[in-house]
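Source file: model31.cif (mmCIF, C-alpha atoms)
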```
data_data
#
loop_
_atom_site.group_PDB
_atom_site.id
_atom_site.type_symbol
_atom_site.label_atom_id
_atom_site.label_comp_id
_atom_site.auth_asym_id
_atom_site.auth_seq_id
_atom_site.Cartn_x
_atom_site.Cartn_y
_atom_site.Cartn_z
ATOM 1 C CA MET X 1 43.077 -22.400 -39.760
ATOM 2 C CA GLN X 2 45.276 -25.395 -38.987
ATOM 3 C CA ILE X 3 47.840 -25.886 -36.206
ATOM 4 C CA GLU X 4 50.600 -28.443 -36.603
ATOM 5 C CA LEU X 5 51.272 -30.571 -33.496
ATOM 6 C CA SER X 6 54.215 -32.748 -32.586
ATOM 7 C CA ASP X 7 52.430 -34.405 -29.664
ATOM 8 C CA VAL X 8 48.676 -34.840 -29.132
ATOM 9 C CA SER X 9 48.813 -36.608 -25.770
ATOM 10 C CA GLY X 10 47.868 -33.433 -23.911
ATOM 11 C CA LEU X 11 44.880 -32.560 -26.068
ATOM 12 C CA PRO X 12 41.471 -32.580 -24.346
ATOM 13 C CA GLU X 13 39.074 -35.227 -25.612
ATOM 14 C CA ALA X 14 36.807 -32.574 -27.155
ATOM 15 C CA LEU X 15 39.551 -31.543 -29.602
ATOM 16 C CA LYS X 16 40.732 -35.002 -30.681
ATOM 17 C CA PRO X 17 37.976 -35.489 -33.289
ATOM 18 C CA ILE X 18 39.435 -32.621 -35.348
ATOM 19 C CA VAL X 19 42.966 -34.081 -35.392
ATOM 20 C CA ALA X 20 44.160 -35.263 -38.797
ATOM 21 C CA THR X 21 47.425 -36.945 -39.833
ATOM 22 C CA VAL X 22 48.496 -36.630 -43.469
ATOM 23 C CA ASP X 23 51.954 -37.602 -44.804
ATOM 24 C CA GLY X 24 53.258 -37.924 -41.274
ATOM 25 C CA LYS X 25 52.105 -34.402 -40.288
ATOM 26 C CA THR X 26 49.545 -34.079 -37.479
ATOM 27 C CA THR X 27 47.317 -30.997 -37.459
ATOM 28 C CA LEU X 28 44.236 -29.551 -35.797
ATOM 29 C CA ASP X 29 41.611 -28.311 -38.248
ATOM 30 C CA LEU X 30 40.224 -25.312 -36.343
ATOM 31 C CA SER X 31 37.722 -24.539 -39.093
ATOM 32 C CA LYS X 32 35.594 -27.322 -37.612
ATOM 33 C CA LEU X 33 35.422 -25.766 -34.148
ATOM 34 C CA MET X 34 32.208 -23.726 -34.480
ATOM 35 C CA PRO X 35 29.461 -25.729 -32.739
ATOM 36 C CA ALA X 36 26.580 -26.688 -34.986
ATOM 37 C CA GLU X 37 24.103 -25.115 -32.589
ATOM 38 C CA ASP X 38 25.855 -21.740 -32.939
ATOM 39 C CA LEU X 39 25.641 -21.881 -36.716
ATOM 40 C CA THR X 40 21.989 -22.946 -36.505
ATOM 41 C CA GLY X 41 21.269 -20.095 -34.106
ATOM 42 C CA LEU X 42 22.772 -17.532 -36.434
ATOM 43 C CA LYS X 43 20.829 -18.906 -39.382
ATOM 44 C CA THR X 44 17.631 -18.750 -37.315
ATOM 45 C CA ALA X 45 18.337 -15.136 -36.360
ATOM 46 C CA LEU X 46 18.901 -14.246 -40.006
ATOM 47 C CA LEU X 47 15.650 -15.958 -41.002
ATOM 48 C CA ARG X 48 13.740 -14.034 -38.347
ATOM 49 C CA GLU X 49 15.211 -10.759 -39.552
ATOM 50 C CA ARG X 50 14.103 -11.601 -43.084
ATOM 51 C CA GLU X 51 10.614 -12.368 -41.764
ATOM 52 C CA ASN X 52 10.599 -9.043 -39.926
ATOM 53 C CA ALA X 53 11.628 -7.265 -43.100
ATOM 54 C CA GLY X 54 8.710 -8.947 -44.844
ATOM 55 C CA ALA X 55 6.329 -7.846 -42.109
ATOM 56 C CA TYR X 56 7.510 -4.228 -42.336
ATOM 57 C CA ALA X 57 7.016 -4.305 -46.122
ATOM 58 C CA LYS X 58 3.270 -3.809 -45.646
ATOM 59 C CA PHE X 59 4.029 -0.325 -44.319
ATOM 60 C CA GLY X 60 5.755 0.617 -47.572
ATOM 61 C CA LYS X 61 9.200 0.840 -49.063
ATOM 62 C CA PRO X 62 12.198 1.886 -46.940
ATOM 63 C CA ASP X 63 11.955 5.501 -48.140
ATOM 64 C CA GLU X 64 8.249 5.593 -47.328
ATOM 65 C CA ILE X 65 8.831 4.181 -43.841
ATOM 66 C CA ALA X 66 11.573 6.757 -43.278
ATOM 67 C CA ALA X 67 9.135 9.499 -44.284
ATOM 68 C CA LYS X 68 6.563 8.214 -41.777
ATOM 69 C CA ILE X 69 9.178 8.232 -39.028
ATOM 70 C CA ALA X 70 10.110 11.783 -39.962
ATOM 71 C CA ASP X 71 6.442 12.724 -39.712
ATOM 72 C CA LEU X 72 6.222 11.178 -36.233
ATOM 73 C CA GLU X 73 9.336 13.097 -35.178
ATOM 74 C CA ALA X 74 7.813 16.348 -36.420
ATOM 75 C CA LYS X 75 4.591 15.692 -34.481
ATOM 76 C CA ALA X 76 6.555 14.799 -31.355
ATOM 77 C CA ALA X 77 8.449 18.079 -31.600
ATOM 78 C CA LYS X 78 5.180 20.074 -31.533
ATOM 79 C CA GLY X 79 4.255 18.689 -28.111
ATOM 80 C CA GLY X 80 0.739 18.284 -26.799
ATOM 81 C CA LYS X 81 -1.244 15.034 -26.750
ATOM 82 C CA GLY X 82 -0.504 14.243 -30.393
ATOM 83 C CA GLY X 83 3.179 14.891 -29.802
ATOM 84 C CA GLU X 84 3.236 12.601 -26.778
ATOM 85 C CA GLU X 85 1.609 9.786 -28.724
ATOM 86 C CA ALA X 86 4.045 10.242 -31.593
ATOM 87 C CA GLN X 87 7.013 10.215 -29.214
ATOM 88 C CA ALA X 88 5.719 7.069 -27.512
ATOM 89 C CA LYS X 89 5.579 5.316 -30.896
ATOM 90 C CA LEU X 90 9.105 6.465 -31.703
ATOM 91 C CA ASP X 91 10.401 5.266 -28.331
ATOM 92 C CA ALA X 92 8.766 1.851 -28.792
ATOM 93 C CA MET X 93 10.276 1.482 -32.261
ATOM 94 C CA ALA X 94 13.722 2.494 -31.015
ATOM 95 C CA LYS X 95 13.598 0.046 -28.098
ATOM 96 C CA GLU X 96 12.470 -2.840 -30.305
ATOM 97 C CA SER X 97 15.281 -2.160 -32.757
ATOM 98 C CA ALA X 98 17.903 -1.808 -30.012
ATOM 99 C CA ASP X 99 16.789 -5.051 -28.356
ATOM 100 C CA LYS X 100 17.085 -6.991 -31.605
ATOM 101 C CA ILE X 101 20.496 -5.562 -32.414
ATOM 102 C CA GLY X 102 21.719 -6.222 -28.866
ATOM 103 C CA ALA X 103 20.596 -9.848 -28.984
ATOM 104 C CA LEU X 104 22.357 -10.468 -32.290
ATOM 105 C CA GLU X 105 25.554 -8.773 -31.065
ATOM 106 C CA ALA X 106 25.557 -10.895 -27.910
ATOM 107 C CA LYS X 107 25.162 -14.046 -30.001
ATOM 108 C CA TYR X 108 27.968 -13.009 -32.339
ATOM 109 C CA ASN X 109 30.320 -12.077 -29.487
ATOM 110 C CA GLY X 110 29.603 -15.394 -27.783
ATOM 111 C CA VAL X 111 30.592 -17.315 -30.913
ATOM 112 C CA LEU X 112 33.832 -15.306 -31.196
ATOM 113 C CA ALA X 113 34.741 -15.917 -27.553
ATOM 114 C CA ARG X 114 34.042 -19.663 -27.612
ATOM 115 C CA THR X 115 35.961 -20.137 -30.845
ATOM 116 C CA ALA X 116 38.959 -18.155 -29.548
ATOM 117 C CA GLN X 117 38.934 -20.118 -26.288
ATOM 118 C CA ALA X 118 38.985 -23.445 -28.137
ATOM 119 C CA GLU X 119 41.794 -22.244 -30.421
ATOM 120 C CA LEU X 120 43.807 -20.984 -27.443
ATOM 121 C CA LYS X 121 43.404 -24.292 -25.604
ATOM 122 C CA ALA X 122 44.655 -26.115 -28.694
ATOM 123 C CA ALA X 123 47.663 -23.779 -28.923
ATOM 124 C CA LEU X 124 48.464 -24.328 -25.224
ATOM 125 C CA ALA X 125 48.284 -28.095 -25.687
ATOM 126 C CA GLY X 126 50.553 -27.724 -28.704
ATOM 127 C CA VAL X 127 53.349 -26.116 -26.653
ATOM 128 C CA GLY X 128 53.162 -28.829 -23.999
ATOM 129 C CA PHE X 129 50.831 -27.705 -21.221
ATOM 130 C CA ILE X 130 49.782 -30.718 -19.177
ATOM 131 C CA PRO X 131 46.057 -31.644 -19.379
ATOM 132 C CA GLU X 132 45.457 -30.842 -15.692
ATOM 133 C CA ALA X 133 46.460 -27.195 -16.249
ATOM 134 C CA LEU X 134 44.819 -26.541 -19.623
ATOM 135 C CA ASP X 135 41.433 -25.320 -18.412
ATOM 136 C CA ASP X 136 42.777 -22.996 -15.695
ATOM 137 C CA VAL X 137 45.441 -21.465 -17.933
ATOM 138 C CA THR X 138 43.031 -21.039 -20.843
ATOM 139 C CA ILE X 139 40.356 -19.310 -18.764
ATOM 140 C CA SER X 140 42.925 -17.010 -17.153
ATOM 141 C CA ALA X 141 44.568 -16.168 -20.491
ATOM 142 C CA MET X 142 41.242 -15.182 -22.104
ATOM 143 C CA ALA X 143 41.693 -11.826 -20.332
ATOM 144 C CA ARG X 144 44.464 -11.222 -22.874
ATOM 145 C CA ILE X 145 42.120 -11.648 -25.857
ATOM 146 C CA ARG X 146 40.350 -8.845 -27.712
ATOM 147 C CA PHE X 147 38.601 -8.794 -31.101
ATOM 148 C CA ASN X 148 39.083 -6.503 -34.076
ATOM 149 C CA ASP X 149 36.105 -5.056 -35.943
ATOM 150 C CA ASP X 150 36.296 -7.903 -38.476
ATOM 151 C CA GLY X 151 36.130 -10.507 -35.685
ATOM 152 C CA SER X 152 39.810 -11.488 -35.847
ATOM 153 C CA VAL X 153 41.681 -12.104 -32.593
ATOM 154 C CA LYS X 154 43.900 -9.415 -31.091
ATOM 155 C CA VAL X 155 46.279 -10.451 -28.292
ATOM 156 C CA VAL X 156 47.233 -7.846 -25.695
ATOM 157 C CA THR X 157 49.821 -7.678 -22.929
ATOM 158 C CA THR X 158 48.930 -7.892 -19.245
ATOM 159 C CA ASP X 159 48.531 -4.108 -19.163
ATOM 160 C CA GLY X 160 46.172 -4.080 -22.161
ATOM 161 C CA LYS X 161 48.590 -2.914 -24.870
ATOM 162 C CA PRO X 162 48.854 -4.711 -28.240
ATOM 163 C CA MET X 163 51.309 -7.619 -27.956
ATOM 164 C CA ILE X 164 54.071 -7.776 -30.572
ATOM 165 C CA GLY X 165 54.444 -11.118 -32.327
ATOM 166 C CA SER X 166 54.587 -13.083 -35.553
ATOM 167 C CA GLY X 167 51.152 -12.215 -36.912
ATOM 168 C CA ALA X 168 49.930 -9.673 -39.435
ATOM 169 C CA ASP X 169 51.239 -6.136 -38.860
ATOM 170 C CA HIS X 170 53.578 -7.593 -36.213
ATOM 171 C CA GLY X 171 50.679 -8.423 -33.908
ATOM 172 C CA ALA X 172 50.842 -11.502 -31.669
ATOM 173 C CA THR X 173 49.007 -14.705 -32.520
ATOM 174 C CA LEU X 174 47.463 -17.220 -30.129
ATOM 175 C CA ALA X 175 50.536 -19.390 -30.752
ATOM 176 C CA ASP X 176 52.756 -16.498 -29.609
ATOM 177 C CA LEU X 177 50.659 -16.116 -26.464
ATOM 178 C CA ALA X 178 50.866 -19.867 -25.779
ATOM 179 C CA LYS X 179 54.678 -19.786 -26.013
ATOM 180 C CA GLU X 180 54.860 -16.805 -23.658
ATOM 181 C CA LEU X 181 52.645 -18.553 -21.114
ATOM 182 C CA ALA X 182 54.704 -21.748 -21.386
ATOM 183 C CA ALA X 183 57.845 -19.793 -20.547
ATOM 184 C CA ALA X 184 56.098 -18.063 -17.638
ATOM 185 C CA LYS X 185 54.567 -21.262 -16.209
ATOM 186 C CA PRO X 186 57.197 -24.022 -16.608
ATOM 187 C CA TYR X 187 55.635 -25.991 -13.747
ATOM 188 C CA ALA X 188 52.532 -26.604 -15.906
ATOM 189 C CA VAL X 189 54.426 -27.746 -19.019
ATOM 190 C CA ARG X 190 55.683 -31.232 -19.847
ATOM 191 C CA ASP X 191 59.432 -31.804 -19.403
ATOM 192 C CA ALA X 192 62.092 -32.294 -22.068
ATOM 193 C CA GLY X 193 60.918 -29.202 -23.951
ATOM 194 C CA ALA X 194 58.044 -31.087 -25.598
ATOM 195 C CA GLY X 195 56.198 -28.212 -27.233
ATOM 196 C CA GLY X 196 58.932 -25.641 -26.733
ATOM 197 C CA GLY X 197 58.298 -24.571 -23.164
ATOM 198 C CA GLY X 198 59.249 -27.344 -20.753
ATOM 199 C CA LYS X 199 62.454 -27.784 -18.777
ATOM 200 C CA PRO X 200 65.020 -30.359 -19.810
ATOM 201 C CA PRO X 201 64.953 -33.505 -17.624
ATOM 202 C CA GLY X 202 66.553 -33.007 -14.268
ATOM 203 C CA GLN X 203 66.868 -29.222 -14.537
ATOM 204 C CA GLY X 204 66.880 -27.529 -11.160
ATOM 205 C CA GLY X 205 68.306 -30.512 -9.282
ATOM 206 C CA GLY X 206 65.335 -32.868 -9.598
ATOM 207 C CA LYS X 207 65.213 -36.425 -10.849
ATOM 208 C CA PRO X 208 65.156 -37.041 -14.624
ATOM 209 C CA GLY X 209 61.708 -36.196 -15.981
ATOM 210 C CA GLN X 210 60.767 -34.301 -12.813
ATOM 211 C CA THR X 211 59.805 -30.604 -12.802
ATOM 212 C CA THR X 212 60.997 -28.427 -9.946
ATOM 213 C CA VAL X 213 59.956 -24.896 -8.999
ATOM 214 C CA THR X 214 61.312 -22.444 -6.483
ATOM 215 C CA ARG X 215 59.445 -21.499 -3.342
ATOM 216 C CA ALA X 216 58.700 -18.079 -4.883
ATOM 217 C CA GLN X 217 57.220 -19.717 -7.991
ATOM 218 C CA TRP X 218 55.096 -22.008 -5.808
ATOM 219 C CA ASP X 219 53.782 -19.055 -3.801
ATOM 220 C CA ALA X 220 52.799 -17.313 -7.050
ATOM 221 C CA MET X 221 50.782 -20.301 -8.339
ATOM 222 C CA ASP X 222 47.010 -20.451 -8.058
ATOM 223 C CA HIS X 223 45.265 -23.505 -6.585
ATOM 224 C CA GLY X 224 44.779 -25.219 -9.946
ATOM 225 C CA ALA X 225 48.433 -24.808 -10.935
ATOM 226 C CA ARG X 226 49.629 -26.182 -7.586
ATOM 227 C CA ALA X 227 47.387 -29.213 -7.927
ATOM 228 C CA ALA X 228 48.612 -29.856 -11.474
ATOM 229 C CA HIS X 229 52.251 -29.489 -10.404
ATOM 230 C CA SER X 230 51.858 -31.905 -7.516
ATOM 231 C CA LYS X 231 49.904 -34.431 -9.588
ATOM 232 C CA SER X 232 52.652 -34.481 -12.231
ATOM 233 C CA GLY X 233 55.252 -35.333 -9.568
ATOM 234 C CA GLY X 234 56.746 -31.855 -9.393
ATOM 235 C CA LYS X 235 58.847 -30.702 -6.444
ATOM 236 C CA VAL X 236 59.392 -27.398 -4.657
ATOM 237 C CA ILE X 237 62.910 -26.274 -3.754
ATOM 238 C CA ASP X 238 63.996 -23.371 -1.561
#
```

Using structure tokens, write down the structure from this file.
Amino acid sequence: MQIELSDVSGLPEALKPIVATVDGKTTLDLSKLMPAEDLTGLKTALLRERENAGAYAKFGKPDEIAAKIADLEAKAAKGGKGGEEAQAKLDAMAKESADKIGALEAKYNGVLARTAQAELKAALAGVGFIPEALDDVTISAMARIRFNDDGSVKVVTTDGKPMIGSGADHGATLADLAKELAAAKPYAVRDAGAGGGGKPPGQGGGKPGQTTVTRAQWDAMDHGARAAHSKSGGKVID
């Protein structure tokens, strides 16, 4: 996945290595975002599962192992000391399997979340969010991100419903979410509309190049947004 950018000045340093300019077009190559350690971890997990499969092979083929489990279940159903021992073995096997599956799912979900967060930050930078606000806005906006069964991103509204946008099946993309956030947080976006969300210079009665917000907007800002607004020279008007 590649995102075309008109201005890279707001990009965090961690994303600049994946910027490429070809024929005058500047893009972010998001396919390079997965950390090497995540890929190595997944490969290691797969190798371990293959080793486990090899270890279980000494107990027989899958059908034979299934038959042994069925035998244990039958013994457990009869009760008594033999039944208790059989049930204990079944419980141990079930716990071991659940623990392994849970660990792999946690690893997979972590990779999805980190990749989506990096992509969202890039999209926010692309619509003009100032560097000082990128982290706070990205972390807050992650509450709007869900994942489909195939691992693809699903953007939702603030009340948890699917957001309508320009993606497949009319679903919203991360770029759609970034544009919505830029419109909702003009105090954290560069002026002159750089990236599609900022105010034109001087809008709201301020000096050229200066962002102004109303007192109500200021009261609605969190600490990070206020600091970013003040640092960029923004003003508050009543």

Using all atoms listed in the file, which protein or nucleic acid residues come within 6 Å of region 168-183 of chain X? Drop anything in the same chain fewer than 4 positions from it, and give the result as JSON, numbers by chain. {"X": [120, 123, 124, 155, 163, 164, 197]}

Fewer than 5 positions away in the same chain doesn't count, so skip those; otherwise give me all residues within 10 Å of Ala88 (chain X), counting only C-alpha atoms, as a list in words. Leu72, Ala76, Gly82, Gly83, Met93 and Ala94 of chain X

Length of the CA of Ala143 (chain X) to CA of Ala113 (chain X) vector [Å]: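 Those two atoms sit 10.8 Å apart.
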
Figure out the distance between CA of Ala133 (chain X) and CA of Ala227 (chain X), please, to one decimal in Å.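 Atom-to-atom, CA of Ala227 (chain X) and CA of Ala133 (chain X) are spaced 8.6 Å apart.
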
Write out as a PyMOL selection string which residues come within 12 Å of Glu85 (chain X) when counting only C-alpha atoms, dropping same-chain ones fewer than 6 positions away. chain X and resi 72-79+91-92

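Between CA of Pro186 (chain X) and CA of Thr212 (chain X) the separation is 8.8 Å.
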